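Right, one structure below, let's go through it.
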Amino acid sequence: MRRKLIRSRCNKIGYRRHSGAMIPVTEFRQFTEQQPAFRVLKPWWDVFTDYLAVVMLMIGVFGCTLQVMQDKIICLPKRAPTVIQTVPSINQTETMESTFSPITPVPIVHEMKGLKTDLDLQQYSFINQMCYEKALHWYAKYFPYLVLIHTLIFMVCSNFWFKFPGSSSKIEHFISILGKCFDSPWTTRALSEVSGENPEEKDNKKNCATSRSNLNMPTTEGNLEKTQSLRSIPEKIIVDKPAASVLDKKEGEQAKALFEKVKKFRLHVEEGDLLYIMYVRQTVLKVLKFLLIIAYNSALVSKVQITVKCDMDIQDMTGYKNFSCNHTMAHLFSKLSYCYLCFVGVYGFTCLYTLYWLFYRSLKEYSFEYVRQETGIDDIPDVKNDFAFMLHMIDQYDPLYSKRFAVFLSEVSENKLKQLNLNHEWTAEKLRQRLQVNPNNRLELQLFMLSGLPDTIFEVTELQSLKLEIINNVMIPASIAQLEDLQELSLYQCSLKIHTAATSFLKENLKVLRVKFDDGRELPHWIYSLRNLEELHLIGSLSPETSKNITLESLRELKSLKTLSLKSNFTKIPQCIVEVSSHLQCLYIHNDGTKLVMLNNLKKMVNLTELELVHCDLERIPHAVFSLTNLQELDLKENNLRSIEEILSFQHLRKLICLKLWHNAITYIPEHIKKLGGLERLYFSHNKVEILPSHLFLCNKLRYLDLSNNDIRFIPPEIGVLQSLQYFSVTCNKIENLPDELFFCKKLKTLKLGKNTLSLLSPKISYLVLLTHLDLKGNHFEGLPAELGSCRALKRSGLVVEGALFETLPSDVREQMTIE
């Protein structure tokens, strides 16, 4: 029976030893494991405490393993003390009895051979378990488990911000972008090319960029102060391939995508400080945990004793009440506890230093001041909140990461990349293919919605006119001087910067400038110094407050200015126009319907030959116009003119040859119009005229007469007086008949009669032998006269009629018209 119990006991011990071997440290890997890339956000103190936690974890695992493998406590019963007496001999008894003298007891010494307790192995096991539970102090029993639990809490606290969804997503995104920025070929290129150079000093370097092969970034750490965010780390980069060579298409697209990712990430992360708060909270929790462990461990470590007294009321079961027990691992646990306290102390002081670092420095703001000084990229912005905190953490790992990452925060760097890609995409040959001749008979290149201005454009030396539309970050360098024939520049909604040397070139060469803007503040200031400028066109709306007090700068320096066009919402003529009134010849003011008042300044523009006041909400013809004795063309389109009685005063304008009163609400033409004997072109379309006065046709020099879109029912026969008439339009009226005198105007080339109520076309149409364009569509004709064949210049493309109506002509006439 005893052998079976002993064998069972040994099997249990073996099982416990086997179980102990099944608790490897790798089971706790999930508490400390994170992506290897996250190491850049682990400063030295986090790395150090992680190793301390591993050592403490080993202590806990080792203690727990010993608890399972070894007997925890061994107890033996204690007997009650007894007095041993000697037995006197017979002779001595007789002597005692006879003499009545006392006898002194003599102790008997026995050899120690052990005590027989009559306890079996099962009873010992029971006593050990009972004494372990009742007599042994709880700290001595649970010390290894406490070490294990505390260490796991430390590990969780150290890595919780890497696992929490709100913070881990930002960290993972940031680490991904950071690694790509660090390894990007553009980072090296930008640091090597831009470092130490400002835009005003790089004009000569751009011209010889194709010959440069190696660039060394200058180091200036001796003269620079260290900032709080970044220590001085000089970086020298040598580029083996030529600096002017572009990145391949894939690398360029990747770098471009990185700029966009960094912008969006910055906008997202700078909004809050979740990462900072999470890190502070987990550090505070570790400090509190450290204080708690030190407090109770220091008080209880003395409770781990080797000898333990155990008094159990189990005498009826075992025959014994008092036991003396030996805690088998007390000595080892005592040493382990002191060792554990030392490690916890070091861990805690490291956490206290972390708290000092967190609160002593302003970690929600990060300055790239040193990077700006070292690289020469002056526009790298400072960042804040979680973005700043992560950069501070990265500096503890390696400040080089922040420096290389800063390249993708710079607009200068981004523009440089765009410039390289632009130059690669828009070669000089491709630009030459887009050259066209504009209305001013100049060779023009138009570029629309590009990311910048290609440098290759300055290789197209035959360029005369450059038109840029909706292009941001346009930088005009000094190399524009290579375009010796450039005379015309158009900037439509372009944010523009210009080199000083380029300004000097434009002052001397530019003749025509067109600028379309959204805000008056976008007007480039250098336009006021273009002393050889002949035409200036400004297009853009101004705010209501600005339009009342126009603050356009002085045009006094524009001595050669002849034409000025302003399309905006002015309420009065700007004073800057008066400054050039003495030599201004053409003035075009196009308002957006804002009422233009205070036109007396027009009287000073005595040299004006052309004047346009379009959409200015004018109700009368301004009297100041009648003082412009050199005026040749006047356009009052899209106003609110209803009466033009003032037209009599136009007789003083001896040189007036063109009058445009179209798109108004004029109901009649006064007889005074006969005084305008010098008129050659008259625009009366889109009004409400019903009757044509015969006096109109006394202006016998008229070559162009447009009366379309009115309510005219009758054309006076006096129209035959206009022997110089070449263009006559009465489309969209209510005319029923045409006078035969109309066909006496034998110089007519264009006759527009469409959309009336005509039913018959006179055969006298044959008199118009110079006719090239005839519009008859939208009338009630049943057929066309064969005499149209006498109009030899009229072809099918110039005859606007319904197809069925054209078929009424004789076949020979149709064939004649179809022959081009």
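Starting from 1 in every chain, residues are counted up; chains themselves are A, B, ... following the order of the structure tokens, and ligands are numbered from 1 as listed.
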
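Those residues that approach Tyr366 (chain A) to within 12 Å, counting only C-alpha atoms, are Thr227, Gln228, Ser229, Leu230, Glu270, Ile380, Pro381, Asp382, Val383, Lys384, Asn385, Asp386, Phe387, Ala388, Phe389, Met390, Leu391, His392, Met393, Ile394, Asp395, Ser402 and Ala406 of chain A; same-chain residues fewer than 6 positions away are not listed.
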
Can you list, as a list in words, all residues belonging to region 297-357 of chain A that DSSP tags as strand (DSSP E or B)?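 Answer for region 297-357 of chain A restricted to strand (DSSP E or B) is Thr307, Val308, Lys309, Cys310, Asp311, Asn322, Phe323, Ser324, Cys325, Asn326 and His327 of chain A.
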
I want to know what sits within 9 Å of region 345-347 of chain A, based on only C-alpha atoms, with residues of the same chain fewer than 5 positions away left out; could you give that as a PyMOL selection string? chain A and resi 48-49+52-53+286-287+290-291+294+340+352

Which of these, A:Asn630, A:Thr609, A:Ser708, A:Ser766, has the shortest distance to Leu753 (chain A) once you count only C-alpha atoms? A:Ser708

Set the distance at 8 Å and use only C-alpha atoms: which residues neighbour region 660-667 of chain A once local chain neighbours fewer than 2 positions away are removed? I'd like the list as a count of residues only. 22

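The closest residue to Phe781 (chain A), picked from A:Gln446, A:Thr571, A:Asn756, A:Gln305 and counting only C-alpha atoms, is A:Asn756.
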
Taking 6 positions as the minimum chain separation for residues in the same chain, which residues sit within 10 Å of Val460 (chain A) when counting only C-alpha atoms? Answer as a PyMOL selection string. chain A and resi 427-429+431-432+435+445+482-483

Expected file: the selected residues, all heavy atoms, as a tab-separated table (two decimals), in the first residue's frame:
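Ended up saving to selection-v9.tsv:
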```tsv
chain	number	residue	atom	x	y	z
A	427	THR	N	7.99	68.78	-73.75
A	427	THR	CA	9.26	69.05	-74.41
A	427	THR	C	9.11	70.24	-75.36
A	427	THR	O	8.00	70.65	-75.71
A	427	THR	CB	9.72	67.82	-75.19
A	427	THR	OG1	8.73	67.51	-76.19
A	427	THR	CG2	9.89	66.62	-74.26
A	428	ALA	N	10.24	70.80	-75.78
A	428	ALA	CA	10.21	71.94	-76.69
A	428	ALA	C	9.53	71.58	-78.01
A	428	ALA	O	8.79	72.39	-78.58
A	428	ALA	CB	11.63	72.44	-76.94
A	429	GLU	N	9.72	70.35	-78.48
A	429	GLU	CA	9.09	69.93	-79.73
A	429	GLU	C	7.58	69.87	-79.58
A	429	GLU	O	6.83	70.28	-80.48
A	429	GLU	CB	9.62	68.56	-80.14
A	429	GLU	CG	11.08	68.54	-80.58
A	429	GLU	CD	12.05	68.68	-79.41
A	429	GLU	OE1	11.60	68.47	-78.25
A	429	GLU	OE2	13.23	69.01	-79.65
A	431	LEU	N	5.77	71.63	-77.49
A	431	LEU	CA	5.27	73.00	-77.38
A	431	LEU	C	5.20	73.68	-78.75
A	431	LEU	O	4.26	74.43	-79.03
A	431	LEU	CB	6.16	73.80	-76.43
A	431	LEU	CG	6.13	73.37	-74.96
A	431	LEU	CD1	7.16	74.15	-74.17
A	431	LEU	CD2	4.74	73.58	-74.36
A	432	ARG	N	6.17	73.42	-79.59
A	432	ARG	CA	6.16	74.03	-80.93
A	432	ARG	C	4.96	73.55	-81.75
A	432	ARG	O	4.44	74.29	-82.58
A	432	ARG	CB	7.47	73.70	-81.66
A	432	ARG	CG	8.67	74.50	-81.19
A	432	ARG	CD	9.87	74.32	-82.11
A	432	ARG	NE	10.96	75.20	-81.70
A	432	ARG	CZ	11.92	74.84	-80.86
A	432	ARG	NH1	11.92	73.62	-80.34
A	432	ARG	NH2	12.88	75.70	-80.54
A	435	LEU	N	1.82	75.84	-81.31
A	435	LEU	CA	1.89	77.24	-81.70
A	435	LEU	C	0.79	77.57	-82.71
A	435	LEU	O	0.53	76.82	-83.65
A	435	LEU	CB	3.25	77.58	-82.29
A	435	LEU	CG	4.44	77.58	-81.32
A	435	LEU	CD1	5.73	77.85	-82.08
A	435	LEU	CD2	4.25	78.62	-80.23
A	445	LEU	N	1.37	80.71	-77.99
A	445	LEU	CA	1.33	79.42	-77.32
A	445	LEU	C	0.38	79.53	-76.14
A	445	LEU	O	0.55	80.39	-75.28
A	445	LEU	CB	2.72	79.01	-76.84
A	445	LEU	CG	2.79	77.74	-75.98
A	445	LEU	CD1	2.33	76.52	-76.78
A	445	LEU	CD2	4.19	77.52	-75.43
A	482	GLN	N	15.41	84.71	-72.97
A	482	GLN	CA	15.73	83.98	-74.20
A	482	GLN	C	14.66	84.17	-75.26
A	482	GLN	O	14.93	84.01	-76.45
A	482	GLN	CB	15.89	82.49	-73.89
A	482	GLN	CG	17.02	82.18	-72.91
A	482	GLN	CD	17.06	80.71	-72.54
A	482	GLN	OE1	16.47	79.87	-73.22
A	482	GLN	NE2	17.77	80.39	-71.47
A	483	LEU	N	13.43	84.53	-74.85
A	483	LEU	CA	12.34	84.75	-75.79
A	483	LEU	C	12.41	86.20	-76.28
A	483	LEU	O	11.64	87.06	-75.87
A	483	LEU	CB	10.99	84.45	-75.13
A	483	LEU	CG	10.85	83.07	-74.49
A	483	LEU	CD1	9.49	82.91	-73.84
A	483	LEU	CD2	11.09	81.96	-75.51
```

Contact residues around Phe517 (chain A) with only C-alpha atoms at 9 Å, ignoring same-chain residues under 5 positions, as a PyMOL selection string: chain A and resi 491-494+522-523+538-541

What would the file look like if the residues just selected were written as a PDB file, in the first residue's frame with all heavy atoms?
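As a result, again_27.pdb now contains:
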```pdb
ATOM      1  N   LEU A 491      -2.385  86.347 -68.728  1.00  0.00           N
ATOM      2  CA  LEU A 491      -2.427  85.602 -67.465  1.00  0.00           C
ATOM      3  C   LEU A 491      -3.876  85.545 -66.997  1.00  0.00           C
ATOM      4  O   LEU A 491      -4.411  86.537 -66.496  1.00  0.00           O
ATOM      5  CB  LEU A 491      -1.548  86.275 -66.411  1.00  0.00           C
ATOM      6  CG  LEU A 491      -0.080  86.497 -66.784  1.00  0.00           C
ATOM      7  CD1 LEU A 491       0.607  87.372 -65.748  1.00  0.00           C
ATOM      8  CD2 LEU A 491       0.645  85.168 -66.934  1.00  0.00           C
ATOM      9  N   TYR A 492      -4.520  84.400 -67.162  1.00  0.00           N
ATOM     10  CA  TYR A 492      -5.915  84.234 -66.782  1.00  0.00           C
ATOM     11  C   TYR A 492      -5.991  83.340 -65.549  1.00  0.00           C
ATOM     12  O   TYR A 492      -5.753  82.145 -65.615  1.00  0.00           O
ATOM     13  CB  TYR A 492      -6.726  83.623 -67.920  1.00  0.00           C
ATOM     14  CG  TYR A 492      -6.901  84.545 -69.119  1.00  0.00           C
ATOM     15  CD1 TYR A 492      -7.414  84.075 -70.311  1.00  0.00           C
ATOM     16  CD2 TYR A 492      -6.560  85.895 -69.056  1.00  0.00           C
ATOM     17  CE1 TYR A 492      -7.581  84.917 -71.412  1.00  0.00           C
ATOM     18  CE2 TYR A 492      -6.707  86.746 -70.142  1.00  0.00           C
ATOM     19  CZ  TYR A 492      -7.215  86.245 -71.313  1.00  0.00           C
ATOM     20  OH  TYR A 492      -7.372  87.086 -72.385  1.00  0.00           O
ATOM     21  N   GLN A 493      -6.283  83.950 -64.408  1.00  0.00           N
ATOM     22  CA  GLN A 493      -6.410  83.252 -63.123  1.00  0.00           C
ATOM     23  C   GLN A 493      -5.158  82.434 -62.817  1.00  0.00           C
ATOM     24  O   GLN A 493      -5.205  81.230 -62.576  1.00  0.00           O
ATOM     25  CB  GLN A 493      -7.650  82.356 -63.127  1.00  0.00           C
ATOM     26  CG  GLN A 493      -8.950  83.138 -63.198  1.00  0.00           C
ATOM     27  CD  GLN A 493     -10.172  82.248 -63.184  1.00  0.00           C
ATOM     28  OE1 GLN A 493     -10.125  81.105 -63.600  1.00  0.00           O
ATOM     29  NE2 GLN A 493     -11.286  82.782 -62.711  1.00  0.00           N
ATOM     30  N   CYS A 494      -4.046  83.108 -62.823  1.00  0.00           N
ATOM     31  CA  CYS A 494      -2.755  82.476 -62.524  1.00  0.00           C
ATOM     32  C   CYS A 494      -2.117  83.190 -61.332  1.00  0.00           C
ATOM     33  O   CYS A 494      -2.065  84.423 -61.302  1.00  0.00           O
ATOM     34  CB  CYS A 494      -1.809  82.562 -63.728  1.00  0.00           C
ATOM     35  SG  CYS A 494      -2.393  81.681 -65.188  1.00  0.00           S
ATOM     36  N   GLU A 522      -4.710  90.140 -56.264  1.00  0.00           N
ATOM     37  CA  GLU A 522      -3.948  89.216 -57.100  1.00  0.00           C
ATOM     38  C   GLU A 522      -3.249  89.925 -58.259  1.00  0.00           C
ATOM     39  O   GLU A 522      -2.473  89.293 -58.980  1.00  0.00           O
ATOM     40  CB  GLU A 522      -4.879  88.131 -57.656  1.00  0.00           C
ATOM     41  CG  GLU A 522      -5.499  87.251 -56.581  1.00  0.00           C
ATOM     42  CD  GLU A 522      -6.450  86.223 -57.171  1.00  0.00           C
ATOM     43  OE1 GLU A 522      -6.550  86.166 -58.408  1.00  0.00           O
ATOM     44  OE2 GLU A 522      -7.095  85.500 -56.399  1.00  0.00           O
ATOM     45  N   LEU A 523      -3.530  91.195 -58.453  1.00  0.00           N
ATOM     46  CA  LEU A 523      -2.881  91.917 -59.549  1.00  0.00           C
ATOM     47  C   LEU A 523      -1.390  92.029 -59.277  1.00  0.00           C
ATOM     48  O   LEU A 523      -0.986  92.497 -58.210  1.00  0.00           O
ATOM     49  CB  LEU A 523      -3.483  93.321 -59.688  1.00  0.00           C
ATOM     50  CG  LEU A 523      -4.875  93.392 -60.313  1.00  0.00           C
ATOM     51  CD1 LEU A 523      -5.415  94.813 -60.212  1.00  0.00           C
ATOM     52  CD2 LEU A 523      -4.844  92.944 -61.750  1.00  0.00           C
ATOM     53  N   LEU A 538      -7.365  94.300 -68.084  1.00  0.00           N
ATOM     54  CA  LEU A 538      -7.580  93.777 -66.731  1.00  0.00           C
ATOM     55  C   LEU A 538      -9.003  93.263 -66.633  1.00  0.00           C
ATOM     56  O   LEU A 538      -9.961  94.004 -66.885  1.00  0.00           O
ATOM     57  CB  LEU A 538      -7.325  94.855 -65.676  1.00  0.00           C
ATOM     58  CG  LEU A 538      -5.929  95.491 -65.682  1.00  0.00           C
ATOM     59  CD1 LEU A 538      -5.838  96.567 -64.605  1.00  0.00           C
ATOM     60  CD2 LEU A 538      -4.852  94.441 -65.473  1.00  0.00           C
ATOM     61  N   ILE A 539      -9.145  91.978 -66.246  1.00  0.00           N
ATOM     62  CA  ILE A 539     -10.458  91.339 -66.179  1.00  0.00           C
ATOM     63  C   ILE A 539     -10.620  90.714 -64.802  1.00  0.00           C
ATOM     64  O   ILE A 539      -9.782  89.927 -64.367  1.00  0.00           O
ATOM     65  CB  ILE A 539     -10.594  90.244 -67.256  1.00  0.00           C
ATOM     66  CG1 ILE A 539     -10.263  90.794 -68.635  1.00  0.00           C
ATOM     67  CG2 ILE A 539     -12.000  89.646 -67.239  1.00  0.00           C
ATOM     68  CD1 ILE A 539     -10.151  89.716 -69.696  1.00  0.00           C
ATOM     69  N   GLY A 540     -11.695  91.072 -64.101  1.00  0.00           N
ATOM     70  CA  GLY A 540     -11.940  90.485 -62.787  1.00  0.00           C
ATOM     71  C   GLY A 540     -12.923  91.295 -62.000  1.00  0.00           C
ATOM     72  O   GLY A 540     -13.059  92.513 -62.183  1.00  0.00           O
ATOM     73  N   SER A 541     -13.630  90.633 -61.104  1.00  0.00           N
ATOM     74  CA  SER A 541     -14.610  91.325 -60.270  1.00  0.00           C
ATOM     75  C   SER A 541     -13.972  91.714 -58.947  1.00  0.00           C
ATOM     76  O   SER A 541     -13.128  91.002 -58.411  1.00  0.00           O
ATOM     77  CB  SER A 541     -15.819  90.422 -60.027  1.00  0.00           C
ATOM     78  OG  SER A 541     -15.433  89.229 -59.369  1.00  0.00           O
TER      79      SER A 541
END
```

Would you compute the distance between CA of Leu564 (chain A) and CA of Asp617 (chain A)? Give it in Å to one decimal.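 So the answer is 20.4 Å.
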
Go through A:His623, A:Val730, A:His583, A:Ala37 one by one, measure the shortest atom-to-atom distance of each to Leu608 (chain A) using only C-alpha atoms, and give the residue with the smallest value.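 Looking at the shortest contact to Leu608 (chain A), the residue is A:His583.
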
List the neighbours of Asn733 (chain A) out to 6 Å using only C-alpha atoms; skip same-chain residues closer than 3 positions along the sequence, and give me the result as a list in words.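 Once the adjacent positions are removed, what remains is Asn709, Asn710, Asp711, Ile712 and Asn756 of chain A.
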
State, in Å with one decimal place, the distance from CA of Asp313 (chain A) to CA of Gln122 (chain A).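 Between these atoms lies a distance of 17.5 Å.
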